[in-house]
file coords-v3.pdb (PDB, C-alpha atoms)
ATOM      1  CA  MET A   1      97.236 120.479 110.148  1.00  0.00           C
ATOM      2  CA  ASN A   2      99.161 117.699 111.852  1.00  0.00           C
ATOM      3  CA  ILE A   3     101.964 116.298 109.712  1.00  0.00           C
ATOM      4  CA  TYR A   4     103.032 112.673 109.997  1.00  0.00           C
ATOM      5  CA  VAL A   5     105.715 110.789 108.094  1.00  0.00           C
ATOM      6  CA  TYR A   6     105.511 107.054 107.485  1.00  0.00           C
ATOM      7  CA  THR A   7     108.928 105.775 106.474  1.00  0.00           C
ATOM      8  CA  GLY A   8     110.793 102.581 105.735  1.00  0.00           C
ATOM      9  CA  PRO A   9     113.045 100.955 103.148  1.00  0.00           C
ATOM     10  CA  VAL A  10     112.065 100.524  99.489  1.00  0.00           C
ATOM     11  CA  LYS A  11     109.768  97.504  98.978  1.00  0.00           C
ATOM     12  CA  SER A  12     109.277  96.998 102.721  1.00  0.00           C
ATOM     13  CA  GLY A  13     105.471  96.986 102.540  1.00  0.00           C
ATOM     14  CA  LYS A  14     104.801 100.616 103.490  1.00  0.00           C
ATOM     15  CA  THR A  15     101.953 101.054 101.002  1.00  0.00           C
ATOM     16  CA  THR A  16     100.372  97.690 101.804  1.00  0.00           C
ATOM     17  CA  LYS A  17     100.448  98.285 105.566  1.00  0.00           C
ATOM     18  CA  LEU A  18      99.095 101.808 105.210  1.00  0.00           C
ATOM     19  CA  MET A  19      96.306 100.645 102.881  1.00  0.00           C
ATOM     20  CA  GLN A  20      95.294  98.046 105.475  1.00  0.00           C
ATOM     21  CA  TRP A  21      95.267 100.711 108.202  1.00  0.00           C
ATOM     22  CA  ALA A  22      93.302 103.127 105.979  1.00  0.00           C
ATOM     23  CA  SER A  23      90.608 100.535 105.261  1.00  0.00           C
ATOM     24  CA  ASP A  24      89.492 100.867 108.906  1.00  0.00           C
ATOM     25  CA  GLN A  25      89.297 104.682 108.819  1.00  0.00           C
ATOM     26  CA  LYS A  26      86.075 106.573 108.175  1.00  0.00           C
ATOM     27  CA  ASN A  27      87.018 110.123 107.183  1.00  0.00           C
ATOM     28  CA  ILE A  28      89.978 109.635 104.841  1.00  0.00           C
ATOM     29  CA  ASP A  29      91.122 110.619 101.355  1.00  0.00           C
ATOM     30  CA  GLY A  30      94.316 110.871  99.348  1.00  0.00           C
ATOM     31  CA  ILE A  31      96.414 108.633  97.160  1.00  0.00           C
ATOM     32  CA  PHE A  32      98.335 105.394  97.332  1.00  0.00           C
ATOM     33  CA  GLN A  33     100.919 104.140  94.838  1.00  0.00           C
ATOM     34  CA  PRO A  34     100.503 100.362  94.874  1.00  0.00           C
ATOM     35  CA  VAL A  35     102.425  98.058  92.565  1.00  0.00           C
ATOM     36  CA  VAL A  36     100.090  95.746  90.642  1.00  0.00           C
ATOM     37  CA  ASP A  37     101.543  93.078  88.355  1.00  0.00           C
ATOM     38  CA  GLY A  38     104.923  94.781  88.474  1.00  0.00           C
ATOM     39  CA  LYS A  39     103.682  98.270  87.529  1.00  0.00           C
ATOM     40  CA  ARG A  40     103.029 101.264  89.750  1.00  0.00           C
ATOM     41  CA  TYR A  41      99.482 102.646  89.874  1.00  0.00           C
ATOM     42  CA  ILE A  42      97.756 105.503  91.665  1.00  0.00           C
ATOM     43  CA  TYR A  43      94.756 104.617  93.799  1.00  0.00           C
ATOM     44  CA  HIS A  44      92.492 107.501  94.810  1.00  0.00           C
ATOM     45  CA  ILE A  45      90.958 106.654  98.166  1.00  0.00           C
ATOM     46  CA  GLY A  46      87.930 108.945  97.837  1.00  0.00           C
ATOM     47  CA  SER A  47      86.673 107.685  94.476  1.00  0.00           C
ATOM     48  CA  ARG A  48      88.230 104.210  94.729  1.00  0.00           C
ATOM     49  CA  THR A  49      89.742 104.784  91.293  1.00  0.00           C
ATOM     50  CA  LEU A  50      92.889 103.035  90.098  1.00  0.00           C
ATOM     51  CA  LYS A  51      94.960 104.607  87.289  1.00  0.00           C
ATOM     52  CA  ILE A  52      98.206 103.403  85.823  1.00  0.00           C
ATOM     53  CA  LEU A  53     101.212 105.585  86.603  1.00  0.00           C
ATOM     54  CA  GLU A  54     104.151 103.602  85.317  1.00  0.00           C
ATOM     55  CA  THR A  55     104.582 102.801  81.643  1.00  0.00           C
ATOM     56  CA  GLN A  56     107.205 100.847  79.799  1.00  0.00           C
ATOM     57  CA  SER A  57     106.149 101.931  76.364  1.00  0.00           C
ATOM     58  CA  GLU A  58     108.509 104.167  74.432  1.00  0.00           C
ATOM     59  CA  LYS A  59     105.694 104.756  71.948  1.00  0.00           C
ATOM     60  CA  SER A  60     103.108 106.166  74.323  1.00  0.00           C
ATOM     61  CA  ASN A  61     101.073 109.070  72.980  1.00  0.00           C
ATOM     62  CA  GLU A  62     101.132 110.586  76.460  1.00  0.00           C
ATOM     63  CA  GLU A  63     103.844 112.752  77.967  1.00  0.00           C
ATOM     64  CA  ILE A  64     106.274 110.776  80.064  1.00  0.00           C
ATOM     65  CA  LEU A  65     108.370 111.755  83.056  1.00  0.00           C
ATOM     66  CA  GLU A  66     111.504 109.640  83.465  1.00  0.00           C
ATOM     67  CA  ILE A  67     113.645 109.067  86.513  1.00  0.00           C
ATOM     68  CA  GLY A  68     116.271 106.353  86.405  1.00  0.00           C
ATOM     69  CA  GLU A  69     114.792 103.275  84.790  1.00  0.00           C
ATOM     70  CA  TYR A  70     111.207 104.361  85.514  1.00  0.00           C
ATOM     71  CA  LYS A  71     108.792 106.076  83.130  1.00  0.00           C
ATOM     72  CA  PHE A  72     105.692 107.714  84.562  1.00  0.00           C
ATOM     73  CA  LEU A  73     102.641 109.217  82.865  1.00  0.00           C
ATOM     74  CA  LYS A  74     102.465 112.979  83.421  1.00  0.00           C
ATOM     75  CA  ASN A  75      98.661 112.947  83.049  1.00  0.00           C
ATOM     76  CA  THR A  76      98.354 110.627  86.051  1.00  0.00           C
ATOM     77  CA  PHE A  77     100.502 112.970  88.141  1.00  0.00           C
ATOM     78  CA  SER A  78      98.306 115.897  87.037  1.00  0.00           C
ATOM     79  CA  TRP A  79      95.255 113.943  88.185  1.00  0.00           C
ATOM     80  CA  CYS A  80      96.952 113.391  91.574  1.00  0.00           C
ATOM     81  CA  GLN A  81      97.694 117.086  91.970  1.00  0.00           C
ATOM     82  CA  LYS A  82      94.012 117.850  91.371  1.00  0.00           C
ATOM     83  CA  ILE A  83      93.060 115.267  94.006  1.00  0.00           C
ATOM     84  CA  LEU A  84      95.394 116.877  96.551  1.00  0.00           C
ATOM     85  CA  LYS A  85      94.008 120.334  95.772  1.00  0.00           C
ATOM     86  CA  ASP A  86      90.409 119.077  96.100  1.00  0.00           C
ATOM     87  CA  CYS A  87      91.237 117.470  99.460  1.00  0.00           C
ATOM     88  CA  LEU A  88      92.142 120.890 100.858  1.00  0.00           C
ATOM     89  CA  ASN A  89      88.489 121.879 100.541  1.00  0.00           C
ATOM     90  CA  LYS A  90      87.159 118.762 102.240  1.00  0.00           C
ATOM     91  CA  ASN A  91      86.585 118.259 105.929  1.00  0.00           C
ATOM     92  CA  ILE A  92      88.563 115.042 106.268  1.00  0.00           C
ATOM     93  CA  GLU A  93      90.418 113.646 109.244  1.00  0.00           C
ATOM     94  CA  TRP A  94      93.200 111.892 107.308  1.00  0.00           C
ATOM     95  CA  LEU A  95      94.927 112.763 104.028  1.00  0.00           C
ATOM     96  CA  ILE A  96      97.363 110.142 102.720  1.00  0.00           C
ATOM     97  CA  ILE A  97     100.123 111.058 100.261  1.00  0.00           C
ATOM     98  CA  ASP A  98     101.939 107.954  99.078  1.00  0.00           C
ATOM     99  CA  GLU A  99     104.673 108.538  98.208  1.00  0.00           C
ATOM    100  CA  VAL A 100     107.044 111.481  98.168  1.00  0.00           C
ATOM    101  CA  GLY A 101     110.236 110.496  96.365  1.00  0.00           C
ATOM    102  CA  PRO A 102     113.132 111.857  94.333  1.00  0.00           C
ATOM    103  CA  LEU A 103     110.796 113.309  91.670  1.00  0.00           C
ATOM    104  CA  GLU A 104     109.023 115.508  94.194  1.00  0.00           C
ATOM    105  CA  LEU A 105     112.326 116.684  95.669  1.00  0.00           C
ATOM    106  CA  LYS A 106     113.178 117.871  92.140  1.00  0.00           C
ATOM    107  CA  GLY A 107     109.864 119.755  91.855  1.00  0.00           C
ATOM    108  CA  LYS A 108     108.172 117.132  89.647  1.00  0.00           C
ATOM    109  CA  GLY A 109     105.695 114.291  90.127  1.00  0.00           C
ATOM    110  CA  LEU A 110     103.247 115.338  92.842  1.00  0.00           C
ATOM    111  CA  GLU A 111     104.655 118.860  92.857  1.00  0.00           C
ATOM    112  CA  PRO A 112     103.472 121.596  93.099  1.00  0.00           C
ATOM    113  CA  GLY A 113     100.560 119.859  94.862  1.00  0.00           C
ATOM    114  CA  ILE A 114     102.545 119.029  97.995  1.00  0.00           C
ATOM    115  CA  THR A 115     103.913 122.550  98.344  1.00  0.00           C
ATOM    116  CA  GLU A 116     100.415 124.038  97.872  1.00  0.00           C
ATOM    117  CA  LEU A 117      99.103 121.693 100.549  1.00  0.00           C
ATOM    118  CA  LEU A 118     101.832 122.653 103.022  1.00  0.00           C
ATOM    119  CA  ASN A 119     101.333 126.348 102.264  1.00  0.00           C
ATOM    120  CA  SER A 120      97.638 125.899 103.133  1.00  0.00           C
ATOM    121  CA  LYS A 121      98.289 124.300 106.514  1.00  0.00           C
ATOM    122  CA  ASN A 122      96.342 127.018 108.329  1.00  0.00           C
ATOM    123  CA  ASN A 123      93.248 126.214 106.250  1.00  0.00           C
ATOM    124  CA  PHE A 124      93.366 122.414 106.593  1.00  0.00           C
ATOM    125  CA  SER A 125      92.640 120.996 110.029  1.00  0.00           C
ATOM    126  CA  GLY A 126      93.142 117.305 109.295  1.00  0.00           C
ATOM    127  CA  ASN A 127      96.102 114.969 109.624  1.00  0.00           C
ATOM    128  CA  VAL A 128      98.428 114.474 106.669  1.00  0.00           C
ATOM    129  CA  VAL A 129     100.481 111.291 106.333  1.00  0.00           C
ATOM    130  CA  PHE A 130     103.404 111.443 103.915  1.00  0.00           C
ATOM    131  CA  VAL A 131     105.009 108.170 102.864  1.00  0.00           C
ATOM    132  CA  VAL A 132     108.748 108.655 102.391  1.00  0.00           C
ATOM    133  CA  ARG A 133     111.569 106.171 101.806  1.00  0.00           C
ATOM    134  CA  ASP A 134     114.018 106.041 104.683  1.00  0.00           C
ATOM    135  CA  LYS A 135     116.963 106.881 102.409  1.00  0.00           C
ATOM    136  CA  ILE A 136     115.523 110.285 101.498  1.00  0.00           C
ATOM    137  CA  LEU A 137     113.807 111.146 104.785  1.00  0.00           C
ATOM    138  CA  VAL A 138     116.390 113.787 105.788  1.00  0.00           C
ATOM    139  CA  LYS A 139     116.216 115.416 102.326  1.00  0.00           C
ATOM    140  CA  PHE A 140     112.404 115.391 102.490  1.00  0.00           C
ATOM    141  CA  ILE A 141     112.365 117.091 105.920  1.00  0.00           C
ATOM    142  CA  LYS A 142     114.857 119.753 104.780  1.00  0.00           C
ATOM    143  CA  ASN A 143     113.213 120.303 101.386  1.00  0.00           C
ATOM    144  CA  TYR A 144     109.790 120.969 102.916  1.00  0.00           C
ATOM    145  CA  ARG A 145     111.129 122.685 106.084  1.00  0.00           C
ATOM    146  CA  LEU A 146     109.383 120.258 108.424  1.00  0.00           C
ATOM    147  CA  ASP A 147     112.135 119.975 111.058  1.00  0.00           C
ATOM    148  CA  ASP A 148     110.081 120.728 114.144  1.00  0.00           C
ATOM    149  CA  ILE A 149     106.556 120.121 112.926  1.00  0.00           C
ATOM    150  CA  TYR A 150     106.327 116.474 111.905  1.00  0.00           C
ATOM    151  CA  LYS A 151     105.844 113.268 113.849  1.00  0.00           C
ATOM    152  CA  LEU A 152     106.669 109.743 112.794  1.00  0.00           C
ATOM    153  CA  PHE A 153     103.584 107.691 111.958  1.00  0.00           C
ATOM    154  CA  ASN A 154     103.572 104.157 113.299  1.00  0.00           C
ATOM    155  CA  ILE A 155     101.004 101.529 112.529  1.00  0.00           C
TER     156      ILE A 155
END

call {"tool": "encode", "arguments": {"input": "coords-v3.pdb", "output": "C-alpha cells"}}
result
Amino acid sequence: MNIYVYTGPVKSGKTTKLMQWASDQKNIDGIFQPVVDGKRYIYHIGSRTLKILETQSEKSNEEILEIGEYKFLKNTFSWCQKILKDCLNKNIEWLIIDEVGPLELKGKGLEPGITELLNSKNNFSGNVVFVVRDKILVKFIKNYRLDDIYKLFNI
C-alpha cells in the first residue's frame, strides 16, 4: 500500500479537484464528501451513489453525530465504513478517502474503517489517497503513525 495525503485549506476546492482527477482514472474506488446545495454528501465512486451526510433537522429519526455546528447521519458513516472494508478485498489501483477530519481523530465518523484499512496495508497493494485539511495534517500524521510512510499527493 502506498499512502498519499492530499491537503489544503478548508473550502479550497480539494474535493472538486480530486473528483476531476478521479474521473480520468480507470481502476478507482472510495468516497468523496462533496457539498451540494450547502449540505455535505457522500459519493461512492464504485457504485456512483450519492447519500446525504449532513442534516439540519433536530427531529430526524436517525442517529446523529454532532461536531461543532455540524450534524451528520451515523447511518451514512456506517455505509462508508462498509465501503472502505469492501475496497480492501478489491484489486483497485486507487482508493480515495475524502476526508479525514476532527471526527476521525476522535475515533468517530469514518473510524474504525480507516484504522482497519491501515492495519491491512500488507494485504492491499493499491494507492490510498487521504484528503486532510492543512490545519490538522500534523495531528493526522501523528494519530495514524504515518511519519515516514506517506507522500504528498499533488494534482

call {"tool": "residues_near_point", "arguments": {"input": "coords-v3.pdb", "point": "(110.4, 101.4, 104.3)", "cutoff": "10 Å", "atoms": "only C-alpha atoms", "output": "list of chain:residue names"}}
result
A:Tyr6, A:Thr7, A:Gly8, A:Pro9, A:Val10, A:Lys11, A:Ser12, A:Gly13, A:Lys14, A:Thr15, A:Val131, A:Val132, A:Arg133, A:Asp134, A:Lys135

call {"tool": "residues_around", "arguments": {"input": "coords-v3.pdb", "residues": "Lys85 of chain A", "least_positions_apart": "2", "cutoff": "9 Å", "atoms": "all atoms listed in the file", "output": "CSV table (one decimal) with C-alpha atoms, in the frame of the given file"}}
result
chain,number,residue,atom,x,y,z
A,80,CYS,CA,97.0,113.4,91.6
A,81,GLN,CA,97.7,117.1,92.0
A,82,LYS,CA,94.0,117.8,91.4
A,83,ILE,CA,93.1,115.3,94.0
A,87,CYS,CA,91.2,117.5,99.5
A,88,LEU,CA,92.1,120.9,100.9
A,89,ASN,CA,88.5,121.9,100.5
A,113,GLY,CA,100.6,119.9,94.9
A,114,ILE,CA,102.5,119.0,98.0
A,116,GLU,CA,100.4,124.0,97.9
A,117,LEU,CA,99.1,121.7,100.5

call {"tool": "closest_residue", "arguments": {"input": "coords-v3.pdb", "among": "A:Asp37, A:Tyr70, A:Tyr43, A:Gln56", "to": "Leu103 of chain A", "atoms": "only C-alpha atoms"}}
result
A:Tyr70

call {"tool": "atom_distance", "arguments": {"input": "coords-v3.pdb", "atom1": "atom CA of Lys71 of chain A", "atom2": "atom CA of Leu50 of chain A"}}
result
17.6 Å

call {"tool": "resolve_selection", "arguments": {"input": "coords-v3.pdb", "expression": "the PyMOL selection byres ((chain A and resi 23-26) around 10)", "output": "ChimeraX atom specification"}}
result
/A:18-22,27-29,45,92-94

call {"tool": "write_last_selection", "arguments": {"input": "coords-v3.pdb", "atoms": "C-alpha atoms", "output": "PDB file, in the frame of the given file"}}
result
ATOM      1  CA  LEU A  18      99.095 101.808 105.210  1.00  0.00           C
ATOM      2  CA  MET A  19      96.306 100.645 102.881  1.00  0.00           C
ATOM      3  CA  GLN A  20      95.294  98.046 105.475  1.00  0.00           C
ATOM      4  CA  TRP A  21      95.267 100.711 108.202  1.00  0.00           C
ATOM      5  CA  ALA A  22      93.302 103.127 105.979  1.00  0.00           C
ATOM      6  CA  ASN A  27      87.018 110.123 107.183  1.00  0.00           C
ATOM      7  CA  ILE A  28      89.978 109.635 104.841  1.00  0.00           C
ATOM      8  CA  ASP A  29      91.122 110.619 101.355  1.00  0.00           C
ATOM      9  CA  ILE A  45      90.958 106.654  98.166  1.00  0.00           C
ATOM     10  CA  ILE A  92      88.563 115.042 106.268  1.00  0.00           C
ATOM     11  CA  GLU A  93      90.418 113.646 109.244  1.00  0.00           C
ATOM     12  CA  TRP A  94      93.200 111.892 107.308  1.00  0.00           C
TER      13      TRP A  94
END

call {"tool": "atom_distance", "arguments": {"input": "coords-v3.pdb", "atom1": "atom CA of Asn91 of chain A", "atom2": "atom CA of Ile42 of chain A"}}
result
22.2 Å

call {"tool": "atom_distance", "arguments": {"input": "coords-v3.pdb", "atom1": "atom CA of Val128 of chain A", "atom2": "atom CA of Asn154 of chain A"}}
result
13.3 Å

call {"tool": "residues_around", "arguments": {"input": "coords-v3.pdb", "residues": "Ile52 of chain A", "least_positions_apart": "3", "cutoff": "9 Å", "atoms": "only C-alpha atoms", "output": "ChimeraX atom specification"}}
result
/A:39-43,55,72-73,76

call {"tool": "closest_residue", "arguments": {"input": "coords-v3.pdb", "among": "A:Thr16, A:Asn123, A:Asn143, A:Gln33", "to": "Met1 of chain A", "atoms": "all atoms listed in the file"}}
result
A:Asn123

call {"tool": "closest_residue", "arguments": {"input": "coords-v3.pdb", "among": "A:Ile149, A:Ile3, A:Leu137, A:Ile64", "to": "Gly109 of chain A", "atoms": "all atoms listed in the file"}}
result
A:Ile64

call {"tool": "axis_aligned_box", "arguments": {"input": "coords-v3.pdb", "around": "segment 12-21 of chain A", "padding_each_side": "8 Å", "output": "JSON"}}
result
{"center_x": 102.3, "center_y": 99.4, "center_z": 104.6, "size_x": 30.0, "size_y": 20.8, "size_z": 23.2}

call {"tool": "closest_residue", "arguments": {"input": "coords-v3.pdb", "among": "A:Gly101, A:Lys51, A:Lys121, A:Lys17", "to": "Ile141 of chain A", "atoms": "all atoms listed in the file"}}
result
A:Gly101

call {"tool": "residues_around", "arguments": {"input": "coords-v3.pdb", "residues": "Val129 of chain A", "least_positions_apart": "6", "cutoff": "10 Å", "atoms": "only C-alpha atoms", "output": "VMD selection string"}}
result
chain A and resid 2 to 6 18 30 94 to 99 150 to 153
